[in-house]
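In what follows, a single structure is set out as structure tokens and then discussed.
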Amino acid sequence: MAESHAHVACPACLKANRIPVARLGDGPKCGGCGTPLLDGKPVMLDEQSFDAFVGRTDLPVVVDFWAPWCGPCRGFAPVYEKASETHGDVVFAKVNTDEQQELAGAFGIRSIPTLMVFREKVILFQQAGALPGNALEQVITQAKSLDMAKVHQEIAAQQSSAPTGDDAPQS
Ligand code: ZN
């Protein structure tokens, strides 16, 4: 089984809270500011909070890139909120791409909604289009069951086999 503690970033003050995995469902609160963690509602992220929040959370972080004017986004929102209420060991976040254009640009978001899944700073999943509820469930289940030690090993292996020289074309 996985480690017995998980770090969860506070949506308000961004402090990393170390919480026993067995108690994730017991309404944990931030040790710094008292804000409820994992309260079942998606966390709104912006350019200032995104890196810290995702980087300080060990649990899978699902991010919905959306915009208020986007019909498919509005259609997906209830599906997403229901999943957020259901999975107490996964963090759900939203990024308003109208307000956070640089953040959307940094991840190459070209159409919305786009769903991404991060875990331990690794992008596990990125797909444009509103997922049906059962497809979203599959993505979440996969992200939870992944052996992250193995994922990190594979990334390290890829990086060490990549060419290390200066590949810039000579002109
Ligand atoms: Zn806090």
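Labeling convention for the structure tokens: chains A, B, ... as they appear, residues from 1 per chain, ligands from 1 in order of appearance.
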
Go through chain A and flag each residue having an atom no more than 9 Å from ligand 1; for those, report the closest pair of atoms plus their distance in Å to one decimal, using only C-alpha atoms and all ligand atoms, ordered by chain and rising number, as a Markdown table.
| residue | atom | partner | partner_atom_place_in_ligand_line | distance |
| --- | --- | --- | --- | --- |
| A:Ala9 | CA | ligand 1 | 1 (Zn) | 7.8 |
| A:Cys10 | CA | ligand 1 | 1 (Zn) | 4.5 |
| A:Pro11 | CA | ligand 1 | 1 (Zn) | 6.6 |
| A:Ala12 | CA | ligand 1 | 1 (Zn) | 5.1 |
| A:Cys13 | CA | ligand 1 | 1 (Zn) | 4.1 |
| A:Leu14 | CA | ligand 1 | 1 (Zn) | 5.9 |
| A:Lys15 | CA | ligand 1 | 1 (Zn) | 5.5 |
| A:Ala16 | CA | ligand 1 | 1 (Zn) | 8.3 |
| A:Asn17 | CA | ligand 1 | 1 (Zn) | 8.4 |
| A:Lys29 | CA | ligand 1 | 1 (Zn) | 7.8 |
| A:Cys30 | CA | ligand 1 | 1 (Zn) | 4.6 |
| A:Gly31 | CA | ligand 1 | 1 (Zn) | 6.5 |
| A:Gly32 | CA | ligand 1 | 1 (Zn) | 4.8 |
| A:Cys33 | CA | ligand 1 | 1 (Zn) | 4.1 |
| A:Gly34 | CA | ligand 1 | 1 (Zn) | 5.9 |
| A:Thr35 | CA | ligand 1 | 1 (Zn) | 5.4 |
| A:Pro36 | CA | ligand 1 | 1 (Zn) | 8.2 |
| A:Leu37 | CA | ligand 1 | 1 (Zn) | 8.4 |

Residue list (strand (DSSP E), DSSP) for segment 26-151 of chain A, as number ranges by chain: A: 43-44, 61-66, 91-96, 114-119, 122-128

Atomic separation - atom CA of Asp64 of chain A relative to atom CA of Leu146 of chain A, Å: 20.5 Å

Who sits within 12 Å of Gly55 of chain A, only C-alpha atoms, same chain under 2 positions skipped, as an MDAnalysis selection string: chainID A and resid 7:10 14:16 49:53 57:61 118:123

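The list of residues with at least one atom within 6 Å of segment 95-98 of chain A, based on only C-alpha atoms and without residues fewer than 3 positions apart in the same chain, reads Leu45, Phe65, Trp66, Ala67, Gln101 and Ala104 of chain A.
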
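Each of A:Ile112, A:Gly129, A:Phe107, A:Pro163 was checked against Pro68 of chain A using only C-alpha atoms; the smallest atom-to-atom distance is that of A:Ile112.
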
Exercise: Leu131 of chain A partners within 12 Å, only C-alpha atoms, chain neighbours under 6 positions left out, as an NGL selection string: :A and (64 or 72-73 or 75-80 or 83 or 112-116 or 137-140)

Those residues with C-alpha atoms, as a PDB file, in the first residue's frame please?
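Once written, part-v4.pdb looks like this:
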ATOM      1  CA  ASP A  64     -10.485  21.651 -15.051  1.00  0.00           C
ATOM      2  CA  PRO A  72     -19.590  22.476 -22.713  1.00  0.00           C
ATOM      3  CA  CYS A  73     -17.713  23.713 -19.614  1.00  0.00           C
ATOM      4  CA  GLY A  75     -22.332  21.139 -18.893  1.00  0.00           C
ATOM      5  CA  PHE A  76     -19.271  19.443 -17.409  1.00  0.00           C
ATOM      6  CA  ALA A  77     -19.335  21.402 -14.138  1.00  0.00           C
ATOM      7  CA  PRO A  78     -21.983  19.257 -12.347  1.00  0.00           C
ATOM      8  CA  VAL A  79     -20.208  16.049 -13.424  1.00  0.00           C
ATOM      9  CA  TYR A  80     -16.983  17.466 -12.041  1.00  0.00           C
ATOM     10  CA  ALA A  83     -16.756  13.554  -8.683  1.00  0.00           C
ATOM     11  CA  ILE A 112     -11.861  24.204 -23.224  1.00  0.00           C
ATOM     12  CA  PRO A 113     -12.828  22.396 -21.241  1.00  0.00           C
ATOM     13  CA  THR A 114      -9.450  20.692 -20.896  1.00  0.00           C
ATOM     14  CA  LEU A 115      -8.841  18.296 -18.056  1.00  0.00           C
ATOM     15  CA  MET A 116      -5.390  17.670 -16.609  1.00  0.00           C
ATOM     16  CA  GLU A 137     -14.137   8.076 -13.050  1.00  0.00           C
ATOM     17  CA  GLN A 138     -11.699   5.955 -15.061  1.00  0.00           C
ATOM     18  CA  VAL A 139      -9.161   8.755 -15.234  1.00  0.00           C
ATOM     19  CA  ILE A 140      -9.422   9.314 -11.475  1.00  0.00           C
TER      20      ILE A 140
END

Residue contacts of Pro42 of chain A (7 Å, only C-alpha atoms) excluding same-chain residues fewer than 3 positions away, as a list of chain:residue names: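 Skipping anything fewer than 3 positions along the chain leaves A:Glu81, A:Ser84, A:Phe92, A:Ala93, A:Lys94.
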
Convert the current residue selection to file output with C-alpha atoms, as an mmCIF file, in the first residue's frame.
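Result file out20.cif:
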data_model
loop_
_atom_site.group_PDB
_atom_site.id
_atom_site.type_symbol
_atom_site.label_atom_id
_atom_site.label_comp_id
_atom_site.auth_asym_id
_atom_site.auth_seq_id
_atom_site.Cartn_x
_atom_site.Cartn_y
_atom_site.Cartn_z
ATOM 1 C CA GLU A 81 -18.524 18.679 -8.798
ATOM 2 C CA SER A 84 -15.212 16.084 -6.299
ATOM 3 C CA PHE A 92 -10.177 18.856 -7.624
ATOM 4 C CA ALA A 93 -9.242 22.288 -8.921
ATOM 5 C CA LYS A 94 -10.469 24.713 -11.539
#

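The two atoms in question, atom CA of Ala22 of chain A and atom CA of His5 of chain A, are spaced 8.2 Å apart.
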
Computed interatomic separation between atom CA of Gly25 of chain A and atom CA of Ser4 of chain A (Å):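 Computed distance, atom CA of Gly25 of chain A to atom CA of Ser4 of chain A, equals 13.7 Å.
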